[in-house]
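> PDB, C-alpha atoms, file final.pdb:
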ATOM      1  CA  MET Q  11      94.455 344.223 121.661
ATOM      2  CA  THR Q  12      93.066 345.000 118.203
ATOM      3  CA  THR Q  13      94.185 347.583 115.682
ATOM      4  CA  GLN Q  14      91.208 349.747 116.664
ATOM      5  CA  ALA Q  15      92.077 349.423 120.358
ATOM      6  CA  TYR Q  16      95.598 350.678 119.745
ATOM      7  CA  CYS Q  17      94.306 353.597 117.717
ATOM      8  CA  SER Q  18      91.975 354.523 120.589
ATOM      9  CA  ILE Q  19      94.949 355.186 122.887
ATOM     10  CA  GLY Q  20      95.964 358.820 122.735
ATOM     11  CA  THR Q  21      95.593 361.036 119.671
ATOM     12  CA  PRO Q  22      96.197 359.649 116.170
ATOM     13  CA  GLY Q  23      99.367 361.093 114.718
ATOM     14  CA  VAL Q  24     100.786 362.047 118.125
ATOM     15  CA  PRO Q  25     103.405 359.813 119.816
ATOM     16  CA  TRP Q  26     102.415 358.294 123.128
ATOM     17  CA  GLY Q  27     103.490 359.892 126.371
ATOM     18  CA  SER Q  28     103.541 358.362 129.836
ATOM     19  CA  ALA Q  29      99.743 358.528 130.196
ATOM     20  CA  GLU Q  30      99.144 356.588 126.986
ATOM     21  CA  LYS Q  31     101.756 353.994 127.923
ATOM     22  CA  THR Q  32     100.063 353.550 131.285
ATOM     23  CA  ILE Q  33      96.767 352.852 129.533
ATOM     24  CA  TRP Q  34      98.481 350.390 127.227
ATOM     25  CA  LEU Q  35     100.129 348.634 130.182
ATOM     26  CA  SER Q  36      96.809 348.303 132.011
ATOM     27  CA  ASN Q  37      95.494 346.246 129.092
ATOM     28  CA  GLN Q  38      98.296 343.677 129.244
ATOM     29  CA  THR Q  39      97.409 340.425 130.974
ATOM     30  CA  ARG Q  40      99.493 337.447 132.053
ATOM     31  CA  LYS Q  41      98.815 334.449 129.817
ATOM     32  CA  ARG Q  42     101.533 331.918 130.744
ATOM     33  CA  SER Q  43     104.185 331.251 133.369
ATOM     34  CA  TYR Q  44     107.877 332.020 132.957
ATOM     35  CA  GLU Q  45     108.549 330.155 136.194
ATOM     36  CA  THR Q  46     106.870 326.977 134.967
ATOM     37  CA  ASP Q  47     107.776 327.037 131.287
ATOM     38  CA  VAL Q  48     111.338 328.331 131.486
ATOM     39  CA  LEU Q  49     112.771 328.255 135.001
ATOM     40  CA  GLY Q  50     111.356 324.779 135.581
ATOM     41  CA  VAL Q  51     113.196 323.460 132.530
ATOM     42  CA  ILE Q  52     116.410 325.247 133.470
ATOM     43  CA  GLU Q  53     116.242 323.700 136.927
ATOM     44  CA  ARG Q  54     116.061 320.220 135.402
ATOM     45  CA  LEU Q  55     119.141 320.977 133.287
ATOM     46  CA  ARG Q  56     121.301 322.066 136.247
ATOM     47  CA  GLY Q  57     122.599 318.562 136.818
ATOM     48  CA  ARG Q  58     124.149 318.439 133.350
ATOM     49  CA  PHE Q  59     125.206 322.018 132.631
ATOM     50  CA  ASP Q  60     126.276 325.158 134.452
ATOM     51  CA  VAL Q  61     123.537 327.695 135.132
ATOM     52  CA  VAL Q  62     124.437 331.323 135.814
ATOM     53  CA  GLY Q  63     122.201 334.142 136.999
ATOM     54  CA  TYR Q  64     122.809 337.422 135.250
ATOM     55  CA  GLY Q  65     120.315 339.837 136.751
ATOM     56  CA  ARG Q  66     116.722 340.484 137.633
ATOM     57  CA  ILE Q  67     113.974 342.355 135.791
ATOM     58  CA  GLU Q  68     111.604 344.318 138.039
ATOM     59  CA  TYR Q  69     108.344 345.929 136.963
ATOM     60  CA  GLY Q  70     106.355 347.134 139.951
ATOM     61  CA  PRO Q  71     105.580 344.169 142.211
ATOM     62  CA  GLU Q  72     106.734 341.667 139.599
ATOM     63  CA  ASN Q  73     110.322 340.517 139.310
ATOM     64  CA  PHE Q  74     111.988 337.923 137.116
ATOM     65  CA  ALA Q  75     115.346 336.262 137.679
ATOM     66  CA  LEU Q  76     117.419 335.949 134.517
ATOM     67  CA  PHE Q  77     119.454 332.808 133.846
ATOM     68  CA  ALA Q  78     121.800 331.545 131.164
ATOM     69  CA  ILE Q  79     123.092 328.014 130.618
ATOM     70  CA  ARG Q  80     126.777 327.343 129.935
ATOM     71  CA  SER Q  81     128.799 324.421 128.741
ATOM     72  CA  ARG Q  82     130.163 322.509 131.707
ATOM     73  CA  ASN Q  83     133.969 322.624 132.015
ATOM     74  CA  TRP Q  84     134.193 325.896 130.095
ATOM     75  CA  ASN Q  85     137.632 326.014 128.480
ATOM     76  CA  ASP Q  86     139.068 329.419 127.540
ATOM     77  CA  ALA Q  87     141.280 327.747 124.941
ATOM     78  CA  LEU Q  88     138.195 326.866 122.883
ATOM     79  CA  PRO Q  89     136.106 329.167 120.679
ATOM     80  CA  ALA Q  90     132.809 330.384 122.100
ATOM     81  CA  ALA Q  91     129.248 330.632 120.810
ATOM     82  CA  LEU Q  92     126.181 332.539 121.941
ATOM     83  CA  VAL Q  93     122.595 331.335 121.515
ATOM     84  CA  THR Q  94     119.809 333.749 122.457
ATOM     85  CA  GLY Q  95     116.034 333.341 122.541
ATOM     86  CA  GLY Q  96     112.999 335.196 123.756
ATOM     87  CA  VAL Q  97     114.209 338.705 123.004
ATOM     88  CA  HIS Q  98     110.626 339.122 121.871
ATOM     89  CA  GLY Q  99     108.552 337.321 124.458
ATOM     90  CA  TYR Q 100     105.784 336.292 122.074
ATOM     91  CA  GLU Q 101     108.152 334.360 119.805
ATOM     92  CA  THR Q 102     107.638 331.031 121.526
ATOM     93  CA  SER Q 103     109.890 328.699 119.556
ATOM     94  CA  GLY Q 104     112.863 330.971 120.185
ATOM     95  CA  VAL Q 105     112.579 330.210 123.894
ATOM     96  CA  HIS Q 106     111.686 326.544 123.682
ATOM     97  CA  GLY Q 107     113.987 325.882 120.755
ATOM     98  CA  ALA Q 108     116.925 327.218 122.771
ATOM     99  CA  LEU Q 109     116.017 325.024 125.724
ATOM    100  CA  ARG Q 110     115.523 321.993 123.479
ATOM    101  CA  PHE Q 111     118.956 322.536 121.936
ATOM    102  CA  VAL Q 112     120.515 322.517 125.408
ATOM    103  CA  ASP Q 113     118.653 319.380 126.442
ATOM    104  CA  ARG Q 114     119.284 317.363 123.292
ATOM    105  CA  HIS Q 115     122.508 318.634 121.752
ATOM    106  CA  LEU Q 116     124.639 320.914 123.921
ATOM    107  CA  ALA Q 117     126.623 318.002 125.381
ATOM    108  CA  GLU Q 118     127.653 316.964 121.853
ATOM    109  CA  TYR Q 119     129.797 320.101 121.587
ATOM    110  CA  ALA Q 120     131.745 319.523 124.794
ATOM    111  CA  GLY Q 121     135.471 319.902 124.228
ATOM    112  CA  ARG Q 122     134.943 321.570 120.837
ATOM    113  CA  ILE Q 123     133.288 324.906 121.575
ATOM    114  CA  ASN Q 124     132.036 326.739 124.655
ATOM    115  CA  VAL Q 125     128.337 327.581 124.333
ATOM    116  CA  LEU Q 126     126.410 330.190 126.304
ATOM    117  CA  VAL Q 127     122.613 330.021 125.976
ATOM    118  CA  ALA Q 128     120.277 332.796 127.185
ATOM    119  CA  PRO Q 129     116.893 331.198 126.431
ATOM    120  CA  CYS Q 130     114.403 333.848 127.590
ATOM    121  CA  ILE Q 131     115.725 337.391 127.583
ATOM    122  CA  SER Q 132     112.320 339.050 128.067
ATOM    123  CA  PRO Q 133     110.356 337.125 130.720
ATOM    124  CA  TRP Q 134     107.678 339.787 131.323
ATOM    125  CA  ALA Q 135     106.905 339.801 127.600
ATOM    126  CA  TYR Q 136     107.025 335.994 127.492
ATOM    127  CA  GLU Q 137     104.214 335.847 130.036
ATOM    128  CA  ARG Q 138     102.132 338.434 128.132
ATOM    129  CA  ILE Q 139     102.946 336.948 124.713
ATOM    130  CA  HIS Q 140     104.110 340.396 123.638
ATOM    131  CA  ARG Q 141     106.837 341.991 121.565
ATOM    132  CA  TRP Q 142     107.548 344.880 123.948
ATOM    133  CA  ASN Q 143     108.564 345.049 127.579
ATOM    134  CA  ALA Q 144     106.447 346.724 130.275
ATOM    135  CA  LEU Q 145     107.820 350.128 129.251
ATOM    136  CA  ALA Q 146     106.404 349.720 125.715
ATOM    137  CA  ILE Q 147     109.973 349.343 124.434
ATOM    138  CA  ASP Q 148     111.126 346.783 121.876
ATOM    139  CA  PRO Q 149     114.203 345.109 123.421
ATOM    140  CA  ASN Q 150     115.398 344.107 119.961
ATOM    141  CA  ARG Q 151     115.951 347.714 118.977
ATOM    142  CA  SER Q 152     117.663 348.492 122.270
ATOM    143  CA  PHE Q 153     120.983 346.645 122.285
ATOM    144  CA  ARG Q 154     123.111 349.774 122.537
ATOM    145  CA  GLU Q 155     125.009 351.778 125.126
ATOM    146  CA  ASN Q 156     122.759 353.158 127.883
ATOM    147  CA  SER Q 157     119.953 350.886 126.711
ATOM    148  CA  PRO Q 158     116.461 351.955 127.788
ATOM    149  CA  ALA Q 159     115.426 348.274 128.000
ATOM    150  CA  PRO Q 160     116.609 346.487 131.155
ATOM    151  CA  GLU Q 161     116.365 343.131 129.383
ATOM    152  CA  SER Q 162     118.816 344.252 126.698
ATOM    153  CA  ALA Q 163     121.155 345.908 129.196
ATOM    154  CA  ALA Q 164     121.317 342.754 131.327
ATOM    155  CA  LEU Q 165     122.268 340.541 128.383
ATOM    156  CA  MET Q 166     124.904 343.008 127.227
ATOM    157  CA  ARG Q 167     126.501 342.972 130.690
ATOM    158  CA  LEU Q 168     126.555 339.169 130.649
ATOM    159  CA  VAL Q 169     128.151 338.980 127.214
ATOM    160  CA  ALA Q 170     130.576 341.925 127.536
ATOM    161  CA  PRO Q 171     133.595 339.881 128.760
ATOM    162  CA  LEU Q 172     133.140 337.491 125.820
ATOM    163  CA  ARG Q 173     132.212 340.016 123.151
ATOM    164  CA  ASP Q 174     135.474 339.744 121.227
ATOM    165  CA  ARG Q 175     135.881 336.006 121.782
ATOM    166  CA  MET Q 176     132.649 334.790 120.240
ATOM    167  CA  LEU Q 177     132.949 332.845 116.998
ATOM    168  CA  VAL Q 178     129.214 332.571 116.358
ATOM    169  CA  HIS Q 179     125.979 334.106 117.619
ATOM    170  CA  ILE Q 180     122.556 332.836 116.588
ATOM    171  CA  ASP Q 181     119.489 334.741 117.802
ATOM    172  CA  LEU Q 182     116.207 332.794 117.637
ATOM    173  CA  HIS Q 183     113.066 334.627 116.505
ATOM    174  CA  GLU Q 184     109.698 334.187 114.805
ATOM    175  CA  THR Q 185     107.731 336.206 112.271
ATOM    176  CA  THR Q 186     104.042 335.819 113.090
ATOM    177  CA  ASP Q 187     100.696 336.913 111.677
ATOM    178  CA  SER Q 188     100.332 339.064 114.798
ATOM    179  CA  ASP Q 189     103.211 341.201 113.523
ATOM    180  CA  GLU Q 190     100.663 342.695 111.140
ATOM    181  CA  SER Q 191      97.437 342.297 113.111
ATOM    182  CA  GLU Q 192      98.767 343.576 116.440
ATOM    183  CA  PHE Q 193     102.366 344.691 116.790
ATOM    184  CA  GLY Q 194     102.605 346.736 113.608
ATOM    185  CA  PRO Q 195      99.533 348.780 114.517
ATOM    186  CA  ALA Q 196     100.820 349.121 118.094
ATOM    187  CA  LEU Q 197     104.154 350.479 116.900
ATOM    188  CA  ALA Q 198     102.491 352.955 114.560
ATOM    189  CA  ALA Q 199     100.124 354.175 117.295
ATOM    190  CA  ARG Q 200     102.930 354.478 119.859
ATOM    191  CA  ASP Q 201     105.084 356.514 117.489
ATOM    192  CA  GLY Q 202     102.271 358.671 116.115
ATOM    193  CA  LYS Q 203     102.582 357.264 112.614
ATOM    194  CA  THR Q 204     100.262 355.702 110.060
ATOM    195  CA  PHE Q 205     100.303 351.916 109.988
ATOM    196  CA  GLU Q 206     101.566 350.582 106.668
ATOM    197  CA  PRO Q 207     100.819 346.862 106.233
ATOM    198  CA  HIS Q 208     103.373 344.416 104.855
ATOM    199  CA  GLU Q 209     103.116 340.865 103.568
ATOM    200  CA  ILE Q 210     103.952 338.144 106.102
ATOM    201  CA  PRO Q 211     106.332 335.610 104.515
ATOM    202  CA  ASP Q 212     105.180 332.000 104.559
ATOM    203  CA  GLY Q 213     108.163 330.092 105.883
ATOM    204  CA  PHE Q 214     111.535 330.238 107.583
ATOM    205  CA  TYR Q 215     114.183 332.834 106.734
ATOM    206  CA  LEU Q 216     117.387 334.337 108.143
ATOM    207  CA  VAL Q 217     118.725 337.843 108.699
ATOM    208  CA  ASP Q 218     122.438 338.229 107.933
ATOM    209  CA  ASP Q 219     124.624 341.191 108.938
ATOM    210  CA  SER Q 220     124.787 343.594 105.983
ATOM    211  CA  GLU Q 221     128.053 345.041 107.276
ATOM    212  CA  HIS Q 222     129.808 341.666 107.537
ATOM    213  CA  PRO Q 223     127.813 339.162 105.459
ATOM    214  CA  GLN Q 224     128.596 335.457 105.581
ATOM    215  CA  PRO Q 225     126.586 333.917 102.722
ATOM    216  CA  GLY Q 226     128.037 330.432 103.040
ATOM    217  CA  PHE Q 227     127.158 330.315 106.721
ATOM    218  CA  GLN Q 228     123.604 331.514 106.096
ATOM    219  CA  GLN Q 229     123.014 328.977 103.342
ATOM    220  CA  ALA Q 230     124.272 326.141 105.531
ATOM    221  CA  VAL Q 231     121.702 327.068 108.173
ATOM    222  CA  VAL Q 232     118.911 327.402 105.605
ATOM    223  CA  ALA Q 233     119.774 323.988 104.140
ATOM    224  CA  ALA Q 234     119.582 322.354 107.570
ATOM    225  CA  VAL Q 235     116.258 323.965 108.435
ATOM    226  CA  ALA Q 236     114.771 323.054 105.040
ATOM    227  CA  LYS Q 237     114.809 319.438 106.256
ATOM    228  CA  VAL Q 238     112.411 320.436 109.053
ATOM    229  CA  THR Q 239     110.185 323.180 107.636
ATOM    230  CA  HIS Q 240     109.688 325.155 104.434
ATOM    231  CA  ILE Q 241     111.770 328.186 103.492
ATOM    232  CA  ALA Q 242     110.051 331.515 102.804
ATOM    233  CA  PRO Q 243     110.026 332.586  99.155
ATOM    234  CA  ALA Q 244     110.597 336.161  98.054
ATOM    235  CA  ASP Q 245     107.475 338.234  97.385
ATOM    236  CA  ALA Q 246     106.593 339.773  94.026
ATOM    237  CA  ASN Q 247     109.178 342.512  94.634
ATOM    238  CA  GLY Q 248     111.973 340.051  95.378
ATOM    239  CA  GLU Q 249     111.783 340.955  99.070
ATOM    240  CA  ILE Q 250     110.955 339.529 102.485
ATOM    241  CA  ILE Q 251     109.425 341.994 104.997
ATOM    242  CA  GLY Q 252     110.566 344.877 102.816
ATOM    243  CA  SER Q 253     114.199 343.788 102.469
ATOM    244  CA  ARG Q 254     115.838 342.429  99.334
ATOM    245  CA  VAL Q 255     116.362 338.671  99.293
ATOM    246  CA  VAL Q 256     120.100 338.160  98.744
ATOM    247  CA  ALA Q 257     119.922 334.347  98.596
ATOM    248  CA  PRO Q 258     117.134 331.785  99.123
ATOM    249  CA  GLY Q 259     115.683 332.481 102.578
ATOM    250  CA  VAL Q 260     118.181 335.237 103.458
ATOM    251  CA  ILE Q 261     117.886 339.006 103.883
ATOM    252  CA  GLU Q 262     120.307 341.461 105.472
ATOM    253  CA  TYR Q 263     120.090 344.135 108.196
ATOM    254  CA  ALA Q 264     122.731 346.391 109.722
ATOM    255  CA  LEU Q 265     122.583 344.468 112.996
ATOM    256  CA  ASN Q 266     124.706 346.721 115.187
ATOM    257  CA  LYS Q 267     123.396 350.049 113.887
ATOM    258  CA  LEU Q 268     119.802 348.957 114.430
ATOM    259  CA  GLY Q 269     120.469 347.858 118.005
ATOM    260  CA  LEU Q 270     119.587 344.241 117.282
ATOM    261  CA  CYS Q 271     120.537 341.382 119.571
ATOM    262  CA  ALA Q 272     122.512 339.564 116.880
ATOM    263  CA  GLY Q 273     124.887 342.535 116.723
ATOM    264  CA  ILE Q 274     126.057 342.535 120.355
ATOM    265  CA  THR Q 275     129.249 340.539 119.756
ATOM    266  CA  ASN Q 276     132.079 340.684 117.254
ATOM    267  CA  ALA Q 277     131.395 337.107 116.192
ATOM    268  CA  ARG Q 278     132.423 336.262 112.638
ATOM    269  CA  TYR Q 279     129.240 334.264 112.119
ATOM    270  CA  LYS Q 280     125.967 335.965 113.087
ATOM    271  CA  THR Q 281     122.378 335.344 112.152
ATOM    272  CA  THR Q 282     118.816 335.886 113.288
ATOM    273  CA  THR Q 283     116.365 333.072 112.629
ATOM    274  CA  GLU Q 284     112.743 333.754 111.721
ATOM    275  CA  VAL Q 285     110.397 330.794 112.092
ATOM    276  CA  TYR Q 286     106.802 331.124 110.828
ATOM    277  CA  PRO Q 287     104.579 329.386 113.406
ATOM    278  CA  ASP Q 288     101.226 330.430 111.892
ATOM    279  CA  SER Q 289     101.611 328.380 108.738
ATOM    280  CA  PRO Q 290      99.103 325.512 108.400
ATOM    281  CA  ARG Q 291     102.059 323.463 107.177
ATOM    282  CA  VAL Q 292     103.897 323.383 110.518
ATOM    283  CA  THR Q 293     103.301 322.378 114.131
ATOM    284  CA  PRO Q 294     104.752 323.935 117.293
ATOM    285  CA  GLU Q 295     107.076 320.929 117.547
ATOM    286  CA  GLN Q 296     108.399 321.547 114.046
ATOM    287  CA  CYS Q 297     108.997 325.193 114.928
ATOM    288  CA  ASN Q 298     111.051 324.193 117.961
ATOM    289  CA  ASP Q 299     112.924 321.616 115.899
ATOM    290  CA  ALA Q 300     113.636 324.186 113.187
ATOM    291  CA  GLN Q 301     115.321 326.411 115.776
ATOM    292  CA  VAL Q 302     117.364 323.461 117.039
ATOM    293  CA  ALA Q 303     118.416 322.548 113.499
ATOM    294  CA  ALA Q 304     119.487 326.141 112.918
ATOM    295  CA  VAL Q 305     121.618 326.244 116.072
ATOM    296  CA  CYS Q 306     123.348 322.949 115.320
ATOM    297  CA  ALA Q 307     124.019 323.944 111.712
ATOM    298  CA  ALA Q 308     125.425 327.299 112.823
ATOM    299  CA  LEU Q 309     127.797 325.685 115.300
ATOM    300  CA  ASP Q 310     128.858 322.967 112.885
ATOM    301  CA  TYR Q 311     129.603 325.421 110.093
ATOM    302  CA  ALA Q 312     131.515 327.780 112.385
ATOM    303  CA  LEU Q 313     133.655 324.963 113.718
ATOM    304  CA  ALA Q 314     134.409 323.711 110.223
ATOM    305  CA  HIS Q 315     135.332 327.194 108.948
ATOM    306  CA  ARG Q 316     137.288 328.732 111.835
TER     307      ARG Q 316
END
Write out the structure in this file as structure tokens.


Amino acid sequence: MTTQAYCSIGTPGVPWGSAEKTIWLSNQTRKRSYETDVLGVIERLRGRFDVVGYGRIEYGPENFALFAIRSRNWNDALPAALVTGGVHGYETSGVHGALRFVDRHLAEYAGRINVLVAPCISPWAYERIHRWNALAIDPNRSFRENSPAPESAALMRLVAPLRDRMLVHIDLHETTDSDESEFGPALAARDGKTFEPHEIPDGFYLVDDSEHPQPGFQQAVVAAVAKVTHIAPADANGEIIGSRVVAPGVIEYALNKLGLCAGITNARYKTTTEVYPDSPRVTPEQCNDAQVAAVCAALDYALAHR
């Protein structure tokens, strides 16, 4: 949908109700296959790793089984790590980067750290290449008690027994040009507000936890990713997406207070990656590889600084 199309739903300045959300939903079309792109890959990984189902998302006649991949021979004496992707379904490298990490590197950490990977948290949105779920809710603002987003609630149930045992959690995302051309205007229209454009950063960056920052950890991840793709510079105000840059390629959010996925555990080391896939300087393969580099660097740093 275009900015004008979003503005045509409902009355400008008035938040959407159920009727407006129904109109919005009717305009969403399936563009790719979760079963082929994600479940097919997970099925091929079953012979090497443990695969666990953790729920099912149902929207009308459509339903999506949710799966996570675990280290084989999980050992409770070892530290644990969480890797999440696809909280926003349109952020493609988050999903495929998580799966690529499992395929190429997860076995390297056997006997050192237990790793739980949830590669596609929002399958309906993955198929529509959208930020929201079918209820016009952003799952990445919904990781809180009594979550209105079934995708967020399902992941929280999966992680709850391990919440206090996680050493590291890395949540894989993208910042895209469509954040400004589509999803920003959609959010403003849905909430009855005026859309205020922001500058899209050209390059990779991270979001640290402002309440428990780990600057050394963040810089180790940035350094690893810089070997794969370029790091986003600060804008003229010293900011990235409206937040102050605290170190090269790093900003901070209050992860838990904002209901963000990276805040769902009490891990010492937390971060959200933001790959920029629309840059003419990168390919989809580089975006996937940047996510993989970030995961490996996060695990390596956490293990070295327990």

> What would the selection look like, as a JSON list (two decimals) with C-alpha atoms, in the frame of the given file, if the PyMOL selection byres ((chain Q and resi 225) around 12) were run on the coordinates I just shared?


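And here is the file that came out, result34.json:
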[["chain", "number", "residue", "atom", "x", "y", "z"],
["Q", 216, "LEU", "CA", 117.39, 334.34, 108.14],
["Q", 217, "VAL", "CA", 118.72, 337.84, 108.70],
["Q", 218, "ASP", "CA", 122.44, 338.23, 107.93],
["Q", 219, "ASP", "CA", 124.62, 341.19, 108.94],
["Q", 220, "SER", "CA", 124.79, 343.59, 105.98],
["Q", 222, "HIS", "CA", 129.81, 341.67, 107.54],
["Q", 223, "PRO", "CA", 127.81, 339.16, 105.46],
["Q", 224, "GLN", "CA", 128.60, 335.46, 105.58],
["Q", 226, "GLY", "CA", 128.04, 330.43, 103.04],
["Q", 227, "PHE", "CA", 127.16, 330.32, 106.72],
["Q", 228, "GLN", "CA", 123.60, 331.51, 106.10],
["Q", 229, "GLN", "CA", 123.01, 328.98, 103.34],
["Q", 230, "ALA", "CA", 124.27, 326.14, 105.53],
["Q", 231, "VAL", "CA", 121.70, 327.07, 108.17],
["Q", 232, "VAL", "CA", 118.91, 327.40, 105.60],
["Q", 255, "VAL", "CA", 116.36, 338.67, 99.29],
["Q", 256, "VAL", "CA", 120.10, 338.16, 98.74],
["Q", 257, "ALA", "CA", 119.92, 334.35, 98.60],
["Q", 258, "PRO", "CA", 117.13, 331.78, 99.12],
["Q", 259, "GLY", "CA", 115.68, 332.48, 102.58],
["Q", 260, "VAL", "CA", 118.18, 335.24, 103.46],
["Q", 261, "ILE", "CA", 117.89, 339.01, 103.88],
["Q", 262, "GLU", "CA", 120.31, 341.46, 105.47],
["Q", 278, "ARG", "CA", 132.42, 336.26, 112.64],
["Q", 279, "TYR", "CA", 129.24, 334.26, 112.12],
["Q", 280, "LYS", "CA", 125.97, 335.96, 113.09],
["Q", 281, "THR", "CA", 122.38, 335.34, 112.15],
["Q", 311, "TYR", "CA", 129.60, 325.42, 110.09]]

> How many Å lie between CA of Thr186 in chain Q and CA of Asp113 in chain Q, rounded to one decimal?

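Pair CA of Thr186 in chain Q / CA of Asp113 in chain Q returns 25.7 Å.
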
> Taking 6 positions as the minimum chain separation for residues in the same chain, which residues sit within 12 Å of Lys267 in chain Q when counting all atoms listed in the file? Answer as a list in words.

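So, after excluding close chain neighbours, the residues are Asn150, Arg151, Ser152, Phe153, Arg154, Glu155, Asp219, Ser220, Glu221, Gly273 and Ile274 of chain Q.
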
> Residues within 10 Å of (131.5, 322.1, 125.4), file coordinates, counting only C-alpha atoms: what are they? Give the list as a PDB file with C-alpha atoms, keeping the file's coordinate frame.


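Saved to point03.pdb:
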ATOM      1  CA  PHE Q  59     125.206 322.018 132.631  1.00  0.00           C
ATOM      2  CA  ARG Q  80     126.777 327.343 129.935  1.00  0.00           C
ATOM      3  CA  SER Q  81     128.799 324.421 128.741  1.00  0.00           C
ATOM      4  CA  ARG Q  82     130.163 322.509 131.707  1.00  0.00           C
ATOM      5  CA  ASN Q  83     133.969 322.624 132.015  1.00  0.00           C
ATOM      6  CA  TRP Q  84     134.193 325.896 130.095  1.00  0.00           C
ATOM      7  CA  ASN Q  85     137.632 326.014 128.480  1.00  0.00           C
ATOM      8  CA  LEU Q  88     138.195 326.866 122.883  1.00  0.00           C
ATOM      9  CA  PRO Q  89     136.106 329.167 120.679  1.00  0.00           C
ATOM     10  CA  ALA Q  90     132.809 330.384 122.100  1.00  0.00           C
ATOM     11  CA  ALA Q  91     129.248 330.632 120.810  1.00  0.00           C
ATOM     12  CA  LEU Q 116     124.639 320.914 123.921  1.00  0.00           C
ATOM     13  CA  ALA Q 117     126.623 318.002 125.381  1.00  0.00           C
ATOM     14  CA  GLU Q 118     127.653 316.964 121.853  1.00  0.00           C
ATOM     15  CA  TYR Q 119     129.797 320.101 121.587  1.00  0.00           C
ATOM     16  CA  ALA Q 120     131.745 319.523 124.794  1.00  0.00           C
ATOM     17  CA  GLY Q 121     135.471 319.902 124.228  1.00  0.00           C
ATOM     18  CA  ARG Q 122     134.943 321.570 120.837  1.00  0.00           C
ATOM     19  CA  ILE Q 123     133.288 324.906 121.575  1.00  0.00           C
ATOM     20  CA  ASN Q 124     132.036 326.739 124.655  1.00  0.00           C
ATOM     21  CA  VAL Q 125     128.337 327.581 124.333  1.00  0.00           C
ATOM     22  CA  LEU Q 126     126.410 330.190 126.304  1.00  0.00           C
TER      23      LEU Q 126
END

> Suppose you want the space between CA of His315 in chain Q and CA of Thr282 in chain Q; what is it in Å?

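Here the two named atoms are 19.2 Å from each other.
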
> I need every residue sitting at most 9 Å from the point (103.7, 349.2, 118.6) (coordinates as in the file, only C-alpha atoms considered), written as a PyMOL selection string.

chain Q and resi 16+141-142+146-148+192-201

> Need the shell around Pro294 in chain Q: protein/DNA/RNA residues with any atom at most 10 Å away, counting all atoms listed in the file. Skip same-chain ones fewer than 6 positions apart. Format as a compact mmCIF listing (two decimals) with C-alpha atoms, keeping the file's coordinate frame?


# COMPACT_ATOMS: atom_id res chain seq x y z
CA THR Q 102 107.64 331.03 121.53
CA SER Q 103 109.89 328.70 119.56
CA HIS Q 106 111.69 326.54 123.68
CA TYR Q 286 106.80 331.12 110.83
CA PRO Q 287 104.58 329.39 113.41
CA ASP Q 288 101.23 330.43 111.89
CA ALA Q 300 113.64 324.19 113.19

> Figure out the distance between CA of Thr275 in chain Q and CA of His115 in chain Q, please, to one decimal in Å.

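We find that CA of His115 in chain Q and CA of Thr275 in chain Q lie 23.0 Å from each other.
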
> Name the residues that the PyMOL selection byres ((chain Q and resi 168-183) around 8) pulls out of this structure, and write them as a PyMOL selection string.

chain Q and resi 64+89-98+101+103-105+107-108+164-167+184-185+271-272+274-285+301+305+308-309+312+316

> Print the selection's residues with C-alpha atoms to a file, as an mmCIF file, in the coordinates of the input.


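Final output, selection12.cif:
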data_model
loop_
_atom_site.group_PDB
_atom_site.id
_atom_site.type_symbol
_atom_site.label_atom_id
_atom_site.label_comp_id
_atom_site.auth_asym_id
_atom_site.auth_seq_id
_atom_site.Cartn_x
_atom_site.Cartn_y
_atom_site.Cartn_z
ATOM 1 C CA TYR Q 64 122.809 337.422 135.250
ATOM 2 C CA PRO Q 89 136.106 329.167 120.679
ATOM 3 C CA ALA Q 90 132.809 330.384 122.100
ATOM 4 C CA ALA Q 91 129.248 330.632 120.810
ATOM 5 C CA LEU Q 92 126.181 332.539 121.941
ATOM 6 C CA VAL Q 93 122.595 331.335 121.515
ATOM 7 C CA THR Q 94 119.809 333.749 122.457
ATOM 8 C CA GLY Q 95 116.034 333.341 122.541
ATOM 9 C CA GLY Q 96 112.999 335.196 123.756
ATOM 10 C CA VAL Q 97 114.209 338.705 123.004
ATOM 11 C CA HIS Q 98 110.626 339.122 121.871
ATOM 12 C CA GLU Q 101 108.152 334.360 119.805
ATOM 13 C CA SER Q 103 109.890 328.699 119.556
ATOM 14 C CA GLY Q 104 112.863 330.971 120.185
ATOM 15 C CA VAL Q 105 112.579 330.210 123.894
ATOM 16 C CA GLY Q 107 113.987 325.882 120.755
ATOM 17 C CA ALA Q 108 116.925 327.218 122.771
ATOM 18 C CA ALA Q 164 121.317 342.754 131.327
ATOM 19 C CA LEU Q 165 122.268 340.541 128.383
ATOM 20 C CA MET Q 166 124.904 343.008 127.227
ATOM 21 C CA ARG Q 167 126.501 342.972 130.690
ATOM 22 C CA GLU Q 184 109.698 334.187 114.805
ATOM 23 C CA THR Q 185 107.731 336.206 112.271
ATOM 24 C CA CYS Q 271 120.537 341.382 119.571
ATOM 25 C CA ALA Q 272 122.512 339.564 116.880
ATOM 26 C CA ILE Q 274 126.057 342.535 120.355
ATOM 27 C CA THR Q 275 129.249 340.539 119.756
ATOM 28 C CA ASN Q 276 132.079 340.684 117.254
ATOM 29 C CA ALA Q 277 131.395 337.107 116.192
ATOM 30 C CA ARG Q 278 132.423 336.262 112.638
ATOM 31 C CA TYR Q 279 129.240 334.264 112.119
ATOM 32 C CA LYS Q 280 125.967 335.965 113.087
ATOM 33 C CA THR Q 281 122.378 335.344 112.152
ATOM 34 C CA THR Q 282 118.816 335.886 113.288
ATOM 35 C CA THR Q 283 116.365 333.072 112.629
ATOM 36 C CA GLU Q 284 112.743 333.754 111.721
ATOM 37 C CA VAL Q 285 110.397 330.794 112.092
ATOM 38 C CA GLN Q 301 115.321 326.411 115.776
ATOM 39 C CA VAL Q 305 121.618 326.244 116.072
ATOM 40 C CA ALA Q 308 125.425 327.299 112.823
ATOM 41 C CA LEU Q 309 127.797 325.685 115.300
ATOM 42 C CA ALA Q 312 131.515 327.780 112.385
ATOM 43 C CA ARG Q 316 137.288 328.732 111.835
#
